[in-house]
file coords-v1.pdb (PDB, C-alpha atoms)
ATOM      1  CA  LEU A   1      61.985 117.589 121.463
ATOM      2  CA  ALA A   2      60.385 115.508 124.193
ATOM      3  CA  LYS A   3      57.339 115.011 121.973
ATOM      4  CA  HIS A   4      59.479 113.656 119.135
ATOM      5  CA  ARG A   5      61.584 111.599 121.537
ATOM      6  CA  MET A   6      58.514 109.660 122.666
ATOM      7  CA  ARG A   7      57.410 108.816 119.121
ATOM      8  CA  ASN A   8      59.704 105.814 118.831
ATOM      9  CA  VAL A   9      58.734 104.561 122.310
ATOM     10  CA  TRP A  10      54.993 104.871 121.690
ATOM     11  CA  THR A  11      55.261 103.126 118.311
ATOM     12  CA  ILE A  12      56.929 100.130 119.980
ATOM     13  CA  MET A  13      54.352 100.148 122.780
ATOM     14  CA  ILE A  14      51.460 100.145 120.277
ATOM     15  CA  CYS A  15      53.036  97.105 118.608
ATOM     16  CA  PHE A  16      53.364  95.483 122.040
ATOM     17  CA  CYS A  17      49.672  96.090 122.848
ATOM     18  CA  GLN A  18      48.500  94.715 119.521
ATOM     19  CA  LEU A  19      50.493  91.528 120.041
ATOM     20  CA  SER A  20      49.262  91.059 123.597
ATOM     21  CA  SER A  21      45.658  91.080 122.380
ATOM     22  CA  ARG A  22      46.388  88.162 120.031
ATOM     23  CA  PHE A  23      48.668  85.909 122.076
ATOM     24  CA  SER A  24      48.680  84.859 125.709
ATOM     25  CA  PHE A  25      51.895  86.240 127.153
ATOM     26  CA  ALA A  26      53.317  85.904 130.628
ATOM     27  CA  TRP A  27      53.938  89.447 131.820
ATOM     28  CA  ILE A  28      53.723  91.818 134.794
ATOM     29  CA  ARG A  29      51.072  94.486 134.507
ATOM     30  CA  SER A  30      51.213  97.866 136.184
ATOM     31  CA  ASP A  31      47.467  98.563 136.188
ATOM     32  CA  ARG A  32      44.902  96.930 138.472
ATOM     33  CA  PRO A  33      43.167  93.982 136.716
ATOM     34  CA  PRO A  34      41.719  91.075 138.697
ATOM     35  CA  ALA A  35      44.244  89.299 140.878
ATOM     36  CA  SER A  36      43.954  86.105 138.813
ATOM     37  CA  SER A  37      45.447  87.762 135.715
ATOM     38  CA  ARG A  38      48.415  89.624 137.141
ATOM     39  CA  VAL A  39      51.403  89.297 139.401
ATOM     40  CA  LEU A  40      50.741  91.087 142.652
ATOM     41  CA  CYS A  41      53.468  93.520 143.573
ATOM     42  CA  ARG A  42      53.746  95.264 146.896
ATOM     43  CA  ALA A  43      56.261  98.025 147.567
ATOM     44  CA  ARG A  44      57.235  99.382 150.904
ATOM     45  CA  PHE A  45      59.608 102.110 151.923
ATOM     46  CA  SER A  46      62.305 101.628 154.488
ATOM     47  CA  GLU A  47      64.628 103.950 156.330
ATOM     48  CA  SER A  48      67.480 102.884 154.040
ATOM     49  CA  PHE A  49      66.184 105.201 151.283
ATOM     50  CA  ARG A  50      65.335 102.455 148.820
ATOM     51  CA  THR A  51      62.137 100.867 147.551
ATOM     52  CA  GLU A  52      61.753  97.198 148.400
ATOM     53  CA  VAL A  53      59.379  95.318 146.091
ATOM     54  CA  VAL A  54      57.896  92.027 147.253
ATOM     55  CA  ILE A  55      56.437  89.926 144.422
ATOM     56  CA  GLU A  56      53.903  87.431 145.653
ATOM     57  CA  ARG A  57      53.890  84.098 143.857
ATOM     58  CA  HIS A  58      51.247  83.909 141.142
ATOM     59  CA  HIS A  59      49.851  80.374 141.194
ATOM     60  CA  ALA A  60      47.637  80.588 138.105
ATOM     61  CA  GLY A  61      50.277  81.066 135.401
ATOM     62  CA  PRO A  62      53.405  79.170 134.305
ATOM     63  CA  HIS A  63      56.501  79.342 136.472
ATOM     64  CA  LEU A  64      60.130  79.392 135.414
ATOM     65  CA  ARG A  65      61.939  76.565 137.142
ATOM     66  CA  HIS A  66      65.665  76.125 137.381
ATOM     67  CA  LYS A  67      65.638  73.164 135.008
ATOM     68  CA  ASP A  68      63.544  74.917 132.315
ATOM     69  CA  GLN A  69      65.360  75.846 129.123
ATOM     70  CA  VAL A  70      65.048  79.495 128.123
ATOM     71  CA  LEU A  71      65.713  81.291 124.842
ATOM     72  CA  LEU A  72      66.169  85.070 124.904
ATOM     73  CA  VAL A  73      66.123  87.084 121.674
ATOM     74  CA  GLY A  74      66.164  90.834 121.159
ATOM     75  CA  SER A  75      67.923  93.942 122.387
ATOM     76  CA  CYS A  76      70.564  94.488 125.085
ATOM     77  CA  PHE A  77      67.945  93.741 127.746
ATOM     78  CA  SER A  78      67.955  90.123 126.548
ATOM     79  CA  GLU A  79      71.746  90.046 126.874
ATOM     80  CA  ASN A  80      71.631  91.436 130.424
ATOM     81  CA  ILE A  81      68.818  89.220 131.718
ATOM     82  CA  GLY A  82      70.185  86.209 129.848
ATOM     83  CA  GLY A  83      73.584  86.765 131.435
ATOM     84  CA  LYS A  84      72.020  86.812 134.899
ATOM     85  CA  LEU A  85      70.160  83.575 134.154
ATOM     86  CA  GLN A  86      73.328  81.907 132.888
ATOM     87  CA  ARG A  87      75.288  83.001 135.946
ATOM     88  CA  ALA A  88      72.519  81.458 138.061
ATOM     89  CA  ARG A  89      73.058  78.235 136.074
ATOM     90  CA  PHE A  90      69.754  78.349 134.192
ATOM     91  CA  PRO A  91      69.930  76.522 130.824
ATOM     92  CA  ALA A  92      69.520  79.796 128.930
ATOM     93  CA  HIS A  93      70.587  80.558 125.366
ATOM     94  CA  VAL A  94      70.921  84.237 124.448
ATOM     95  CA  ASN A  95      70.627  85.842 121.005
ATOM     96  CA  PRO A  96      71.853  83.077 118.694
ATOM     97  CA  MET A  97      72.162  85.682 115.910
ATOM     98  CA  GLY A  98      73.337  88.533 118.082
ATOM     99  CA  ILE A  99      71.596  91.625 119.430
ATOM    100  CA  CYS A 100      68.533  92.654 117.436
ATOM    101  CA  PHE A 101      66.472  95.782 118.090
ATOM    102  CA  HIS A 102      63.815  96.077 115.383
ATOM    103  CA  PRO A 103      60.663  93.883 115.490
ATOM    104  CA  LEU A 104      60.792  93.124 111.744
ATOM    105  CA  ALA A 105      64.406  91.935 111.948
ATOM    106  CA  LEU A 106      63.505  90.053 115.123
ATOM    107  CA  ALA A 107      60.615  88.339 113.342
ATOM    108  CA  ARG A 108      62.969  87.249 110.551
ATOM    109  CA  THR A 109      65.339  85.823 113.177
ATOM    110  CA  LEU A 110      62.554  83.781 114.777
ATOM    111  CA  GLU A 111      61.353  82.435 111.442
ATOM    112  CA  ARG A 112      64.911  81.412 110.552
ATOM    113  CA  LEU A 113      65.342  79.654 113.890
ATOM    114  CA  ALA A 114      62.035  77.839 113.397
ATOM    115  CA  SER A 115      62.881  76.696 109.859
ATOM    116  CA  CYS A 116      66.610  76.155 110.544
ATOM    117  CA  ARG A 117      67.344  76.984 106.898
ATOM    118  CA  PRO A 118      71.127  77.410 106.535
ATOM    119  CA  TYR A 119      72.620  80.654 105.248
ATOM    120  CA  THR A 120      74.459  80.782 101.936
ATOM    121  CA  ARG A 121      77.381  82.826 100.566
ATOM    122  CA  GLN A 122      74.914  84.934  98.589
ATOM    123  CA  GLU A 123      73.418  86.249 101.838
ATOM    124  CA  LEU A 124      76.727  87.610 103.099
ATOM    125  CA  VAL A 125      77.916  91.198 102.607
ATOM    126  CA  ILE A 126      81.230  92.995 103.090
ATOM    127  CA  ASP A 127      81.167  95.257 106.150
ATOM    128  CA  GLY A 128      82.893  98.603 106.678
ATOM    129  CA  GLN A 129      86.129  96.862 107.708
ATOM    130  CA  GLY A 130      86.334  94.559 104.714
ATOM    131  CA  ARG A 131      85.063  91.464 106.530
ATOM    132  CA  ALA A 132      82.310  89.064 105.516
ATOM    133  CA  ALA A 133      79.137  89.726 107.515
ATOM    134  CA  SER A 134      75.387  89.204 107.512
ATOM    135  CA  PHE A 135      72.642  91.795 107.865
ATOM    136  CA  ASP A 136      70.804  89.323 110.122
ATOM    137  CA  HIS A 137      73.722  89.045 112.584
ATOM    138  CA  ASP A 138      75.862  91.276 114.737
ATOM    139  CA  THR A 139      79.587  91.849 114.376
ATOM    140  CA  ARG A 140      80.706  88.871 116.476
ATOM    141  CA  PHE A 141      80.121  86.661 113.418
ATOM    142  CA  SER A 142      82.087  88.892 111.009
ATOM    143  CA  HIS A 143      85.342  87.476 109.679
ATOM    144  CA  VAL A 144      87.856  88.166 106.933
ATOM    145  CA  ASN A 145      87.284  84.633 105.680
ATOM    146  CA  ALA A 146      83.759  84.223 104.286
ATOM    147  CA  GLU A 147      83.758  80.472 104.876
ATOM    148  CA  VAL A 148      84.631  80.920 108.559
ATOM    149  CA  CYS A 149      81.900  83.546 108.874
ATOM    150  CA  LEU A 150      79.337  81.301 107.205
ATOM    151  CA  LYS A 151      80.277  78.275 109.312
ATOM    152  CA  SER A 152      79.959  80.181 112.598
ATOM    153  CA  ILE A 153      76.588  81.582 111.494
ATOM    154  CA  ASN A 154      75.166  78.184 110.562
ATOM    155  CA  ASP A 155      76.613  76.435 113.618
ATOM    156  CA  GLU A 156      74.950  78.953 115.910
ATOM    157  CA  LEU A 157      71.741  78.752 113.851
ATOM    158  CA  ALA A 158      71.588  74.995 114.395
ATOM    159  CA  HIS A 159      72.282  75.402 118.110
ATOM    160  CA  GLY A 160      69.655  78.131 118.488
ATOM    161  CA  SER A 161      67.082  76.169 116.478
ATOM    162  CA  THR A 162      67.567  73.130 118.694
ATOM    163  CA  HIS A 163      67.232  75.273 121.801
ATOM    164  CA  LEU A 164      64.023  76.829 120.453
ATOM    165  CA  ARG A 165      62.464  73.396 120.050
ATOM    166  CA  GLN A 166      63.427  72.392 123.587
ATOM    167  CA  SER A 167      62.761  75.639 125.452
ATOM    168  CA  LYS A 168      59.826  76.220 127.748
ATOM    169  CA  PHE A 169      60.139  80.029 127.644
ATOM    170  CA  LEU A 170      60.932  82.452 124.845
ATOM    171  CA  PHE A 171      61.779  86.009 125.926
ATOM    172  CA  LEU A 172      61.441  88.634 123.183
ATOM    173  CA  THR A 173      62.633  92.214 123.696
ATOM    174  CA  LEU A 174      61.625  94.947 121.242
ATOM    175  CA  GLY A 175      64.011  97.898 121.060
ATOM    176  CA  THR A 176      63.110 100.386 118.330
ATOM    177  CA  ALA A 177      60.676 101.222 115.545
ATOM    178  CA  TRP A 178      63.333 102.981 113.455
ATOM    179  CA  ALA A 179      64.222 100.773 110.515
ATOM    180  CA  TYR A 180      67.237 100.723 108.189
ATOM    181  CA  THR A 181      66.847  99.241 104.715
ATOM    182  CA  PRO A 182      69.754  98.985 102.230
ATOM    183  CA  LYS A 183      69.131 101.179  99.205
ATOM    184  CA  SER A 184      70.257  98.252  97.070
ATOM    185  CA  ARG A 185      67.029  96.496  98.105
ATOM    186  CA  SER A 186      63.661  97.970  97.265
ATOM    187  CA  ARG A 187      61.503  98.609 100.308
ATOM    188  CA  ASP A 188      58.521  96.327  99.733
ATOM    189  CA  LYS A 189      55.494  97.633 101.633
ATOM    190  CA  ASP A 190      54.259  94.109 102.368
ATOM    191  CA  SER A 191      57.560  92.598 103.532
ATOM    192  CA  PRO A 192      60.289  95.255 103.870
ATOM    193  CA  PHE A 193      63.825  94.057 104.524
ATOM    194  CA  VAL A 194      65.137  95.611 107.756
ATOM    195  CA  VAL A 195      68.726  94.977 108.771
ATOM    196  CA  ALA A 196      69.556  93.850 112.290
ATOM    197  CA  ASN A 197      72.984  95.504 112.071
ATOM    198  CA  CYS A 198      74.408  98.072 109.641
ATOM    199  CA  HIS A 199      78.007  96.829 110.179
ATOM    200  CA  ARG A 200      79.456 100.352 110.045
ATOM    201  CA  LEU A 201      78.600 100.750 106.390
ATOM    202  CA  PRO A 202      78.069 104.335 105.138
ATOM    203  CA  THR A 203      74.758 105.808 106.279
ATOM    204  CA  GLN A 204      74.015 107.053 102.766
ATOM    205  CA  GLY A 205      73.650 103.418 101.725
ATOM    206  CA  PHE A 206      70.521 102.986 103.868
ATOM    207  CA  ASP A 207      67.020 104.366 104.007
ATOM    208  CA  LYS A 208      65.906 105.209 107.556
ATOM    209  CA  TRP A 209      62.179 105.095 108.224
ATOM    210  CA  MET A 210      59.684 104.603 111.017
ATOM    211  CA  SER A 211      57.841 101.271 110.875
ATOM    212  CA  LYS A 212      54.088 101.098 111.370
ATOM    213  CA  PRO A 213      52.776  99.302 114.485
ATOM    214  CA  ASP A 214      50.392  97.160 112.401
ATOM    215  CA  ALA A 215      53.207  95.879 110.176
ATOM    216  CA  MET A 216      55.469  95.065 113.116
ATOM    217  CA  ALA A 217      52.698  93.315 115.032
ATOM    218  CA  ALA A 218      51.665  91.274 111.977
ATOM    219  CA  ALA A 219      55.244  90.149 111.314
ATOM    220  CA  LEU A 220      55.759  89.104 114.932
ATOM    221  CA  ARG A 221      52.451  87.213 114.986
ATOM    222  CA  CYS A 222      53.579  85.120 112.020
ATOM    223  CA  ALA A 223      57.023  84.555 113.530
ATOM    224  CA  ILE A 224      55.640  83.520 116.926
ATOM    225  CA  SER A 225      53.172  81.194 115.217
ATOM    226  CA  ALA A 226      56.092  79.573 113.376
ATOM    227  CA  CYS A 227      57.856  79.044 116.719
ATOM    228  CA  LEU A 228      54.721  77.548 118.237
ATOM    229  CA  ASP A 229      54.438  75.166 115.286
ATOM    230  CA  VAL A 230      57.801  73.593 116.169
ATOM    231  CA  ASN A 231      57.282  73.887 119.937
ATOM    232  CA  PRO A 232      53.589  73.986 120.945
ATOM    233  CA  GLU A 233      54.460  74.093 124.668
ATOM    234  CA  LEU A 234      56.486  77.299 124.304
ATOM    235  CA  GLN A 235      55.579  80.190 126.633
ATOM    236  CA  VAL A 236      56.257  83.644 125.151
ATOM    237  CA  VAL A 237      57.309  86.559 127.358
ATOM    238  CA  LEU A 238      57.256  89.904 125.543
ATOM    239  CA  THR A 239      59.190  92.894 126.891
ATOM    240  CA  VAL A 240      60.011  96.398 125.635
ATOM    241  CA  SER A 241      63.372  98.115 126.168
ATOM    242  CA  PRO A 242      63.634 101.251 123.974
ATOM    243  CA  VAL A 243      67.133 101.836 122.647
ATOM    244  CA  ARG A 244      68.760 105.257 122.419
ATOM    245  CA  HIS A 245      70.110 106.236 118.980
ATOM    246  CA  TRP A 246      73.107 108.194 120.280
ATOM    247  CA  ARG A 247      75.119 107.626 117.102
ATOM    248  CA  ASP A 248      72.589 109.796 115.301
ATOM    249  CA  GLY A 249      73.416 112.612 117.708
ATOM    250  CA  ALA A 250      71.504 113.962 120.678
ATOM    251  CA  VAL A 251      69.077 115.950 118.510
ATOM    252  CA  GLN A 252      68.214 113.076 116.161
ATOM    253  CA  ASN A 253      67.923 110.695 119.095
ATOM    254  CA  SER A 254      65.315 113.038 120.613
ATOM    255  CA  ARG A 255      63.280 112.844 117.436
TER     256      ARG A 255
END
call {"tool": "encode", "arguments": {"input": "coords-v1.pdb", "output": "structure tokens"}}
result
Amino acid sequence: LAKHRMRNVWTIMICFCQLSSRFSFAWIRSDRPPASSRVLCRARFSESFRTEVVIERHHAGPHLRHKDQVLLVGSCFSENIGGKLQRARFPAHVNPMGICFHPLALARTLERLASCRPYTRQELVIDGQGRAASFDHDTRFSHVNAEVCLKSINDELAHGSTHLRQSKFLFLTLGTAWAYTPKSRSRDKDSPFVVANCHRLPTQGFDKWMSKPDAMAAALRCAISACLDVNPELQVVLTVSPVRHWRDGAVQNSR
């Protein structure tokens, strides 16, 4: 089971490595490259039974200052870190479309923020509770009134798009390689439609499949390029925070 459990994690990590070879990301590395290309970390043990980590300032790369605008998009890790930044009064904007775990859905979110193309009624669906919803958004946008749902989606899209153009840092967090595609939509090999949220619709209405690292990396490259087109000064920070699929059960989550 442990072997199958790591499959999802390794697939995401392969995607991460492929992206890092194409773009220049700001990240902390755990291996030992030259000091000029990493953040030096030093850990020491104390008698208080905890590990204290001292991070020396890295002068070569970009630094996040308190006045810098930040956009965080991705899984729950983005929500947690974004919340800490907001509580510290950083001008941070977190997940303008809600939590998103899959890289292909995340890439579609970034492209939509870059283009700022409004959503239409035709892109809404009816969720498991009879409310209007969007496969690109989480449940906080769902509403019994489709017009209210659409207005909140487009208002937040405009806000997030503006923040993307003004931000100095973009934090992306990849969560899973397991994809869900509605059976009502054919799974195109070149550009498969992956939902960001299933909205409690019946599982038999979706195809579950494991995405290929090459496809995820290619989609994110295009999406990041679109963001850089509207904000050339943007610094991209890529992180990985594998999600647990507990709703599939402990056995399926291990696979």
call {"tool": "resolve_selection", "arguments": {"input": "coords-v1.pdb", "expression": "the PyMOL selection byres ((chain A and resi 223) around 10)", "output": "VMD selection string"}}
result
chain A and resid 104 106 to 114 217 to 222 224 to 229
call {"tool": "atom_distance", "arguments": {"input": "coords-v1.pdb", "atom1": "atom CA of Ala60 of chain A", "atom2": "atom CA of Phe169 of chain A"}}
result
16.3 Å
call {"tool": "closest_residue", "arguments": {"input": "coords-v1.pdb", "among": "A:His143, A:Arg200, A:Arg165, A:Lys208", "to": "Val230 of chain A", "atoms": "only C-alpha atoms"}}
result
A:Arg165
call {"tool": "residues_around", "arguments": {"input": "coords-v1.pdb", "residues": "Cys116 of chain A", "least_positions_apart": "4", "cutoff": "8 Å", "atoms": "all atoms listed in the file", "output": "list of chain:residue names"}}
result
A:Arg112, A:Leu157, A:Ala158, A:Ser161
call {"tool": "atom_distance", "arguments": {"input": "coords-v1.pdb", "atom1": "atom CA of Gln69 of chain A", "atom2": "atom CA of Ser152 of chain A"}}
result
22.5 Å
call {"tool": "atom_distance", "arguments": {"input": "coords-v1.pdb", "atom1": "atom CA of Asp68 of chain A", "atom2": "atom CA of Gln166 of chain A"}}
result
9.1 Å
call {"tool": "resolve_selection", "arguments": {"input": "coords-v1.pdb", "expression": "the PyMOL selection byres ((chain A and resi 128) around 7)", "output": "ChimeraX atom specification"}}
result
/A:126-127,129-130,199-201
call {"tool": "residues_near_point", "arguments": {"input": "coords-v1.pdb", "point": "(71.9, 79.5, 101.2)", "cutoff": "12 Å", "atoms": "all atoms listed in the file", "output": "ChimeraX atom specification"}}
result
/A:112,116-124,150-151,153-154
call {"tool": "write_last_selection", "arguments": {"input": "coords-v1.pdb", "atoms": "C-alpha atoms", "output": "PDB file, keeping the file's coordinate frame"}}
result
ATOM      1  CA  ARG A 112      64.911  81.412 110.552  1.00  0.00           C
ATOM      2  CA  CYS A 116      66.610  76.155 110.544  1.00  0.00           C
ATOM      3  CA  ARG A 117      67.344  76.984 106.898  1.00  0.00           C
ATOM      4  CA  PRO A 118      71.127  77.410 106.535  1.00  0.00           C
ATOM      5  CA  TYR A 119      72.620  80.654 105.248  1.00  0.00           C
ATOM      6  CA  THR A 120      74.459  80.782 101.936  1.00  0.00           C
ATOM      7  CA  ARG A 121      77.381  82.826 100.566  1.00  0.00           C
ATOM      8  CA  GLN A 122      74.914  84.934  98.589  1.00  0.00           C
ATOM      9  CA  GLU A 123      73.418  86.249 101.838  1.00  0.00           C
ATOM     10  CA  LEU A 124      76.727  87.610 103.099  1.00  0.00           C
ATOM     11  CA  LEU A 150      79.337  81.301 107.205  1.00  0.00           C
ATOM     12  CA  LYS A 151      80.277  78.275 109.312  1.00  0.00           C
ATOM     13  CA  ILE A 153      76.588  81.582 111.494  1.00  0.00           C
ATOM     14  CA  ASN A 154      75.166  78.184 110.562  1.00  0.00           C
TER      15      ASN A 154
END
call {"tool": "residues_around", "arguments": {"input": "coords-v1.pdb", "residues": "Trp209 of chain A", "least_positions_apart": "3", "cutoff": "9 Å", "atoms": "only C-alpha atoms", "output": "number ranges by chain"}}
result
A: 177-181
call {"tool": "closest_residue", "arguments": {"input": "coords-v1.pdb", "among": "A:Asn231, A:Thr176, A:Gln86, A:Thr239", "to": "Met210 of chain A", "atoms": "only C-alpha atoms"}}
result
A:Thr176
call {"tool": "closest_residue", "arguments": {"input": "coords-v1.pdb", "among": "A:Thr139, A:Ser75, A:Asn80, A:Thr51", "to": "Ile99 of chain A", "atoms": "all atoms listed in the file"}}
result
A:Ser75
call {"tool": "residues_near_point", "arguments": {"input": "coords-v1.pdb", "point": "(73.0, 83.3, 132.0)", "cutoff": "12 Å", "atoms": "only C-alpha atoms", "output": "ChimeraX atom specification"}}
result
/A:66,69-72,78-95
call {"tool": "resolve_selection", "arguments": {"input": "coords-v1.pdb", "expression": "the PyMOL selection byres ((chain A and resi 137) around 7)", "output": "list in words"}}
result
Met97, Gly98, Ser134, Phe135, Asp136, Asp138, Thr139, Phe141, Ala196 and Asn197 of chain A
call {"tool": "closest_residue", "arguments": {"input": "coords-v1.pdb", "among": "A:Pro103, A:Gly160, A:Pro232, A:Pro242", "to": "Lys212 of chain A", "atoms": "only C-alpha atoms"}}
result
A:Pro103
call {"tool": "axis_aligned_box", "arguments": {"input": "coords-v1.pdb", "around": "segment 169-177 of chain A", "padding_each_side": "8 Å", "output": "AutoDock Vina command-line options"}}
result
--center_x 62.1 --center_y 90.6 --center_z 121.6 --size_x 19.9 --size_y 37.2 --size_z 28.1
call {"tool": "build_atoms", "arguments": {"input": "coords-v1.pdb", "residues": "segment 77-86 of chain A", "atoms": "all heavy atoms", "output": "tab-separated table (two decimals), in the coordinates of the input"}}
result
chain	number	residue	atom	x	y	z
A	77	PHE	N	68.64	94.25	126.56
A	77	PHE	CA	67.94	93.74	127.75
A	77	PHE	C	68.00	92.21	127.78
A	77	PHE	O	68.19	91.62	128.85
A	77	PHE	CB	66.49	94.22	127.74
A	77	PHE	CG	65.68	93.76	128.91
A	77	PHE	CD1	65.76	94.40	130.13
A	77	PHE	CD2	64.83	92.67	128.80
A	77	PHE	CE1	65.02	93.97	131.22
A	77	PHE	CE2	64.08	92.23	129.87
A	77	PHE	CZ	64.18	92.89	131.09
A	78	SER	N	67.85	91.58	126.62
A	78	SER	CA	67.96	90.12	126.55
A	78	SER	C	69.35	89.66	126.94
A	78	SER	O	69.51	88.64	127.63
A	78	SER	CB	67.63	89.64	125.14
A	78	SER	OG	66.29	89.92	124.80
A	79	GLU	N	70.38	90.39	126.51
A	79	GLU	CA	71.75	90.05	126.87
A	79	GLU	C	71.95	90.14	128.39
A	79	GLU	O	72.56	89.27	129.01
A	79	GLU	CB	72.72	90.98	126.15
A	79	GLU	CG	72.75	90.82	124.65
A	79	GLU	CD	73.59	89.65	124.20
A	79	GLU	OE1	74.56	89.30	124.91
A	79	GLU	OE2	73.29	89.07	123.14
A	80	ASN	N	71.43	91.22	128.99
A	80	ASN	CA	71.63	91.44	130.42
A	80	ASN	C	70.89	90.40	131.26
A	80	ASN	O	71.46	89.80	132.18
A	80	ASN	CB	71.18	92.85	130.80
A	80	ASN	CG	72.06	93.92	130.17
A	80	ASN	OD1	73.23	93.70	129.91
A	80	ASN	ND2	71.48	95.08	129.91
A	81	ILE	N	69.61	90.19	130.96
A	81	ILE	CA	68.82	89.22	131.72
A	81	ILE	C	69.32	87.80	131.44
A	81	ILE	O	69.41	86.97	132.35
A	81	ILE	CB	67.33	89.34	131.38
A	81	ILE	CG1	66.81	90.74	131.75
A	81	ILE	CG2	66.52	88.28	132.09
A	81	ILE	CD1	66.96	91.07	133.22
A	82	GLY	N	69.66	87.53	130.18
A	82	GLY	CA	70.18	86.21	129.85
A	82	GLY	C	71.49	85.92	130.57
A	82	GLY	O	71.73	84.80	131.02
A	83	GLY	N	72.34	86.95	130.70
A	83	GLY	CA	73.58	86.76	131.44
A	83	GLY	C	73.35	86.44	132.90
A	83	GLY	O	74.03	85.60	133.49
A	84	LYS	N	72.35	87.10	133.50
A	84	LYS	CA	72.02	86.81	134.90
A	84	LYS	C	71.50	85.38	135.05
A	84	LYS	O	71.83	84.68	136.01
A	84	LYS	CB	70.97	87.81	135.40
A	84	LYS	CG	71.48	89.24	135.55
A	84	LYS	CD	70.40	90.16	136.04
A	84	LYS	CE	70.91	91.59	136.19
A	84	LYS	NZ	71.92	91.72	137.26
A	85	LEU	N	70.67	84.94	134.10
A	85	LEU	CA	70.16	83.58	134.15
A	85	LEU	C	71.29	82.55	134.00
A	85	LEU	O	71.32	81.54	134.71
A	85	LEU	CB	69.10	83.37	133.07
A	85	LEU	CG	67.77	84.10	133.26
A	85	LEU	CD1	66.89	83.93	132.02
A	85	LEU	CD2	67.03	83.58	134.48
A	86	GLN	N	72.21	82.83	133.09
A	86	GLN	CA	73.33	81.91	132.89
A	86	GLN	C	74.24	81.86	134.11
A	86	GLN	O	74.72	80.78	134.47
A	86	GLN	CB	74.11	82.32	131.64
A	86	GLN	CG	73.36	82.07	130.34
A	86	GLN	CD	74.09	82.62	129.14
A	86	GLN	OE1	74.95	83.52	129.26
A	86	GLN	NE2	73.78	82.12	127.95
